[in-house]
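Below is one structure, written out as structure tokens; comments come after it.
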Amino acid sequence: MPELMIQVENLTKVYGATRAVDDVTFNVRKGEVLGFLGPNGAGKSTTMKILTCFLAPTGGRAKVAGFDVFDNSLEVRKHLGYLPEDTPLYKDMTVLEYLQFAAAMRGMASDRSQKRIKEIGGRCGLHEVAGKLIGELSRGYRQRAGLAQAMLDDPDILILDEPTSGLDPNQIVEIRKLIKEVGKEKTVILSTHILPEVQATCSRILIISSGKLVADGTPDDLRAREKGSRYRLVVEANGATQDAVKARLGSIKGVSRCETTLGEDGAHSFTLDAAGDDDLRKVLFRAVVDNKWTLLELHREAASLETVFRHLTTQEESKS
Amino acid sequence: MNAALTIAKREIRTYFNSPIAYIVVTVFMLLAGYLFFGSLFIERQAELRAYFNLMPLLLSFIVPAMAMRLVAEEKGSGSLEMLITMPVRDWQVIVGKFLGGMTLLATLVGLTLCYAVTVMLVGPLDKGPAIGGYVGVLLMGGAYMAIGVMASTFTRNQIVAFIIGFAISFALFLFYRLVQFTPESLQPLLSYLSIESHFESISRGVIDSRDVVYYLSVMVVSLVIATVTLESRKWK
């Protein structure tokens with residue numbers, strides 16, 4: 001088995017006049033859980049559809065498990081488990097029937113398929129609904145049935161398009177645990193626009209925006225790229241107007257942006273962004289005290305993935 | 001081929017787990033029964049000809065109604081994506097769907113064997129035309145079914161699939177009726193393309209290879225177009 005499970009080179013997909021995927025290149029190693037991040041319509045699903053051989057690329061190449069997705073698509077699909085967006089399963093089948101159907105489609109021997117269905121059904125918590133029609137299941141169970149189907153044949157690569165959408169918080173935690181477990185020995189690509197999700201499950205992140213790859217790295221790498229930090233302050237100003245306080249705080253060296261936020265009664269609250277790496281807490285404290293105001297709260301946060309994400313994806317939009 | 005059979009099995013289960021199969025069977029048996037017993041009692045003739053004569057027209061809308069959901073439904077619900085990202089070739093999907101539909105059609109035709117039994121009870125049944133008729137119905141139904149599957153790959157809307165399937169099937173049926181109105185030079189062509197002219201000789205008990213080849217060609221051409229349509233998502 002090659003070490004590089006997925007190789008994507010200059011992948012491009014054009015629909016009419018729109019470039020849904022634009023010259024994207026990346027590799028995924030064995031044992032990686034790759035988070036595919038981007039706003040809605042950024043090209044995440046399209047890329048996944050190309051990797052799973054549902055669509056063909058307009059340009060560029062993609063290899064999965066060493067096989068080209070276009071020239072050798074049957075081999076590719078034997079190594080893949082795929083959960084499409086919205087989990088389109090057959091509603092007129094029971095969960096058990098559906099898993100048996102999927103096993104037969106993948107040509108699994110009957111004793112192995114029985115064993116796997118039992119095992120995967122247990123891991124996905126499907127035993128109590130095995131005899132129920134998929135159409136009658138709640139969103140969470142349907143999602144789990146789809147996930148079970150993807151993992152049934154013990155594929156080397158799992159491609160999951162928004163695996164946790166529509167689940168309640170408890171189910172999300174369970175599914176994430178499952179994905180992390182699978183990701184130890186397999187290769188997983190999952191797409192999402194929920195940021196805490198990638199932080200919780202992924203060892204690597206790709207951010208895609210308007211079809212272009214804008215970032216590639218571990219969550220820590222990406223956070224480190226974004227310099228600067230953000231401060232939240234609540235100040236009791238003894239009669240000074242909010243604008244006056246804002247003007248004073250905004251004039252501090254290093255502050256790039258100062259905004260008022262909704263505060264408590266009689267107090268003003270602000271959000272400050274600073275561009276540099278310096279810690280401005282001391283300076284801010286001094287500024288408040290020197291004006292004989294009272295500092296009620298001061299909090300510094302490092303750049304979050306959220307900031308990185310917003311930065312990268314909106315930058316791209318304003319450019320184009 | 002295994003994958004195709006798995007798909008066929010799933011289609012059969014879907015037909016019989018939902019009202020579709022029962023509605024189609026009921027409508028078909030009512031219409032066929034009315035016309036068959038009409039001739040049996042009124043014309044007092046112990047033969048199946050009236051029933052078989054009706055088949056080209058009756059099947060031209062019953063079969064597209066059976067076939068319309070085969071691919072269009074999956075396109076609409078998105079489950080097609082799940083299906084064809086499994087390790088299966090596109091033609092296997094199409095053949096599986098076709099075989100599933102044919103099983104329902106064969107059930108339908110099988111139920112009408114009771115007409116043959118009825119005829120046998122009241123008089124001697126001419127075996128040649130009866131056997132030829134049943135074989136012919138299956139061949140002709142197969143041609144209509146393949147056209148229906150093809151129409152079903154064109155759209156995600158089942159009603160549209162039905163209308164396209166019916167329009168093509170009905171046109172093939174109509175050619176025979178149009179022969180006498182066309183210029184003489186076109187008549188052999190039109191007569192050859194007509195689905196009914198081939199059925200006529202088979203239902204007389206003459207199984208001619210040319211007629212069989214005609215039906216098989218319609219099936220192959222339609223199923224190939226269906227496969228190509230399914231593959232067209234991958235056109236660059």
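Going through the structure tokens in order, the chains are called A, B, and so on, while each chain numbers its residues from 1 and the ligands are numbered from 1 in the order shown.
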Practice problem: Find the spatial neighbours of stretch 285-290 of chain A, counting only C-alpha atoms, within a cut-off of 10 Å - ignore same-chain residues fewer than 4 positions away - and output them as a VMD selection string. | Solution: chain A and resid 233 235 to 237 245 248 to 249 252 280 to 281 294 to 295 297 to 298
With N, CA and C atoms kept, could you save the residues just selected as a PDB file, in the first residue's frame?
ATOM      1  N   LEU A 233     -12.569  44.142  26.712  1.00  0.00           N
ATOM      2  CA  LEU A 233     -12.503  44.974  27.912  1.00  0.00           C
ATOM      3  C   LEU A 233     -13.887  45.422  28.323  1.00  0.00           C
ATOM      4  N   VAL A 235     -15.228  48.509  30.818  1.00  0.00           N
ATOM      5  CA  VAL A 235     -14.712  49.656  31.567  1.00  0.00           C
ATOM      6  C   VAL A 235     -15.876  50.447  32.141  1.00  0.00           C
ATOM      7  N   GLU A 236     -15.752  50.835  33.413  1.00  0.00           N
ATOM      8  CA  GLU A 236     -16.732  51.767  33.987  1.00  0.00           C
ATOM      9  C   GLU A 236     -16.078  53.137  33.942  1.00  0.00           C
ATOM     10  N   ALA A 237     -16.697  54.088  33.200  1.00  0.00           N
ATOM     11  CA  ALA A 237     -15.949  55.291  32.822  1.00  0.00           C
ATOM     12  C   ALA A 237     -16.310  56.528  33.628  1.00  0.00           C
ATOM     13  N   VAL A 245     -14.118  57.045  25.427  1.00  0.00           N
ATOM     14  CA  VAL A 245     -13.313  55.911  25.866  1.00  0.00           C
ATOM     15  C   VAL A 245     -12.766  55.181  24.653  1.00  0.00           C
ATOM     16  N   ARG A 248      -9.877  56.981  23.133  1.00  0.00           N
ATOM     17  CA  ARG A 248      -8.653  56.846  23.933  1.00  0.00           C
ATOM     18  C   ARG A 248      -8.003  55.472  23.720  1.00  0.00           C
ATOM     19  N   LEU A 249      -8.836  54.428  23.784  1.00  0.00           N
ATOM     20  CA  LEU A 249      -8.298  53.074  23.641  1.00  0.00           C
ATOM     21  C   LEU A 249      -7.779  52.826  22.236  1.00  0.00           C
ATOM     22  N   ILE A 252      -4.159  53.841  21.328  1.00  0.00           N
ATOM     23  CA  ILE A 252      -3.003  53.139  21.892  1.00  0.00           C
ATOM     24  C   ILE A 252      -2.195  52.481  20.785  1.00  0.00           C
ATOM     25  N   LEU A 280      -0.558  43.511  25.014  1.00  0.00           N
ATOM     26  CA  LEU A 280      -0.945  44.894  25.308  1.00  0.00           C
ATOM     27  C   LEU A 280      -1.700  45.040  26.619  1.00  0.00           C
ATOM     28  N   ARG A 281      -1.816  43.968  27.396  1.00  0.00           N
ATOM     29  CA  ARG A 281      -2.681  44.049  28.573  1.00  0.00           C
ATOM     30  C   ARG A 281      -2.217  45.112  29.562  1.00  0.00           C
ATOM     31  N   THR A 294     -12.607  52.624  35.799  1.00  0.00           N
ATOM     32  CA  THR A 294     -12.440  51.357  36.514  1.00  0.00           C
ATOM     33  C   THR A 294     -12.469  50.202  35.516  1.00  0.00           C
ATOM     34  N   LEU A 295     -11.485  49.336  35.648  1.00  0.00           N
ATOM     35  CA  LEU A 295     -11.447  48.197  34.744  1.00  0.00           C
ATOM     36  C   LEU A 295     -12.210  47.034  35.371  1.00  0.00           C
ATOM     37  N   GLU A 297     -13.169  44.197  33.424  1.00  0.00           N
ATOM     38  CA  GLU A 297     -12.776  42.942  32.790  1.00  0.00           C
ATOM     39  C   GLU A 297     -11.705  43.211  31.756  1.00  0.00           C
ATOM     40  N   LEU A 298     -10.748  42.292  31.645  1.00  0.00           N
ATOM     41  CA  LEU A 298      -9.769  42.384  30.563  1.00  0.00           C
ATOM     42  C   LEU A 298      -9.365  40.969  30.202  1.00  0.00           C
TER      43      LEU A 298
END
Can I get the residues of stretch 45-132 of chain B within 9 Å of stretch 225-229 of chain B, each with the closest pair of atoms and their distance in Å to one decimal, using only C-alpha atoms, sorted chain first then ascending number, as a Markdown table?
| residue | atom | partner | partner_atom | distance |
| --- | --- | --- | --- | --- |
| B:Asp90 | CA | B:Thr227 | CA | 6.1 |
| B:Trp91 | CA | B:Thr227 | CA | 5.4 |
| B:Gln92 | CA | B:Thr227 | CA | 8.8 |
| B:Val93 | CA | B:Thr227 | CA | 8.3 |
| B:Ile94 | CA | B:Thr227 | CA | 6.3 |
| B:Val95 | CA | B:Thr227 | CA | 8.9 |
With chain A as the partner and 8 Å as the cut-off, tabulate the residues of chain B that qualify, each row holding the nearest pair of atoms and their distance in Å to one decimal, using only C-alpha atoms, sorted by chain and rising number, as a Markdown table.
| residue | atom | partner | partner_atom | distance |
| --- | --- | --- | --- | --- |
| B:Asn2 | CA | A:Gly107 | CA | 7.7 |
| B:Ala3 | CA | A:Met105 | CA | 5.3 |
| B:Thr6 | CA | A:Met105 | CA | 6.5 |
| B:Ile7 | CA | A:Met105 | CA | 7.9 |
| B:Arg10 | CA | A:Phe101 | CA | 7.7 |
| B:Thr14 | CA | A:Asp92 | CA | 6.9 |
| B:Asn17 | CA | A:Asp92 | CA | 7.8 |
| B:Ser77 | CA | A:Pro88 | CA | 6.5 |
| B:Gly78 | CA | A:Pro88 | CA | 5.5 |
| B:Ser79 | CA | A:Pro88 | CA | 4.7 |
| B:Glu81 | CA | A:Phe54 | CA | 6.7 |
| B:Met82 | CA | A:Pro84 | CA | 6.8 |
| B:Ile84 | CA | A:Phe54 | CA | 7.0 |
| B:Thr85 | CA | A:Thr52 | CA | 6.0 |
| B:Met86 | CA | A:Arg77 | CA | 5.9 |
| B:Pro87 | CA | A:Arg77 | CA | 5.0 |
| B:Val88 | CA | A:Leu74 | CA | 6.8 |
| B:Arg89 | CA | A:Leu74 | CA | 7.3 |
| B:Arg233 | CA | A:Leu55 | CA | 6.0 |
| B:Lys234 | CA | A:Ala56 | CA | 4.6 |
| B:Trp235 | CA | A:Ala56 | CA | 6.8 |
| B:Lys236 | CA | A:Thr58 | CA | 5.1 |
Exercise. From a DSSP pass on the backbone, collect the residues of stretch 63-124 of chain A flagged as strand (DSSP E or B) and hand them back as an MDAnalysis selection string.
Key: chainID A and resid 63:64 67:68 80:83 94
Those same residues, written as an mmCIF file, in the first residue's frame with C-alpha atoms?
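again19.cif, freshly written:
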data_model
loop_
_atom_site.group_PDB
_atom_site.id
_atom_site.type_symbol
_atom_site.label_atom_id
_atom_site.label_comp_id
_atom_site.auth_asym_id
_atom_site.auth_seq_id
_atom_site.Cartn_x
_atom_site.Cartn_y
_atom_site.Cartn_z
ATOM 1 C CA LYS A 63 -5.008 9.275 -7.539
ATOM 2 C CA VAL A 64 -6.604 7.331 -4.723
ATOM 3 C CA PHE A 67 -5.111 4.376 -8.841
ATOM 4 C CA ASP A 68 -6.251 7.161 -11.129
ATOM 5 C CA LEU A 80 -13.161 3.769 -0.731
ATOM 6 C CA GLY A 81 -15.975 4.258 1.682
ATOM 7 C CA TYR A 82 -18.082 7.312 0.924
ATOM 8 C CA LEU A 83 -20.785 9.159 2.770
ATOM 9 C CA THR A 94 -34.581 -1.454 6.821
#
Exercise. Could you find all residues in stretch 46-280 of chain A that DSSP calls helix (DSSP H, G or I) from the backbone, and write them as a PyMOL selection string?
Key: chain A and resi 46-51+73-78+95-105+110-123+127-129+134-136+139-151+169-183+195-201+219-225+242-250
Self-check item: Contacts of B:Val109 within 12 Å, only C-alpha atoms, excl. fewer than 4 positions in-chain, as a PyMOL selection string
Solution: chain B and resi 24-25+28-29+32+51-52+55+59+62-63+102-105+113-116+133-142
Practice problem: Return the single residue from B:Ala143, B:Leu223, B:Leu70, B:Leu58 that is closest to B:Ser194, with distances computed using only C-alpha atoms. | Solution: B:Ala143
Exercise. Find the residues near A:Ala275: any atom within 7 Å, counting only C-alpha atoms, skip ones fewer than 4 places away on the same chain, and give them as a list in words.
Key: Lys227, Gly228, Ser229, Gly254, Val255 and Ser256 of chain A
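From atom CA of A:Thr314 back to atom CA of A:Val21, the distance works out to 17.0 Å.
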Quiz prompt | Atomic distance atom CA of A:Phe309 - atom CA of A:Val188, expressed in Å with one decimal | solution = 21.1 Å
Exercise. Show which residues sit within 12 Å of A:Lys212, as a VMD selection string. Count only C-alpha atoms, and ignore same-chain residues fewer than 2 positions away.
Key: chain A and resid 10 to 13 19 to 26 37 to 39 41 to 44 47 206 to 210 214 to 216 312 to 313 315 to 317 320
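Atom CA of A:Arg139 is found 9.0 Å from atom CA of A:Ser165.
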Selection near A:Thr241, 12 Å with only C-alpha atoms, sequence-local residues under 2 positions removed, as an mmCIF file with C-alpha atoms, in the first residue's frame:
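After the write, part-v4.cif holds the following:
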data_model
loop_
_atom_site.group_PDB
_atom_site.id
_atom_site.type_symbol
_atom_site.label_atom_id
_atom_site.label_comp_id
_atom_site.auth_asym_id
_atom_site.auth_seq_id
_atom_site.Cartn_x
_atom_site.Cartn_y
_atom_site.Cartn_z
ATOM 1 C CA VAL A 235 -14.712 49.656 31.567
ATOM 2 C CA GLU A 236 -16.732 51.767 33.987
ATOM 3 C CA ALA A 237 -15.949 55.291 32.822
ATOM 4 C CA ASN A 238 -17.367 57.578 35.571
ATOM 5 C CA GLY A 239 -19.448 59.659 33.189
ATOM 6 C CA ASP A 243 -17.026 57.398 22.207
ATOM 7 C CA ALA A 244 -14.457 59.157 24.362
ATOM 8 C CA VAL A 245 -13.313 55.911 25.866
ATOM 9 C CA LYS A 246 -13.234 54.327 22.466
ATOM 10 C CA ALA A 247 -11.112 57.142 21.051
ATOM 11 C CA ARG A 248 -8.653 56.846 23.933
ATOM 12 C CA THR A 260 -17.833 48.810 21.015
ATOM 13 C CA GLY A 266 -23.269 51.818 33.293
ATOM 14 C CA ALA A 267 -20.241 50.143 31.757
ATOM 15 C CA HIS A 268 -18.789 50.232 28.269
ATOM 16 C CA SER A 269 -17.403 47.169 26.632
ATOM 17 C CA TRP A 293 -11.832 54.774 35.038
#
Quiz item: Near B:Gly205, within 8 Å and counting only C-alpha atoms, which residues show up once chain neighbours fewer than 4 positions away are dropped, as a ChimeraX atom specification?
Solution: /B:128-133,201
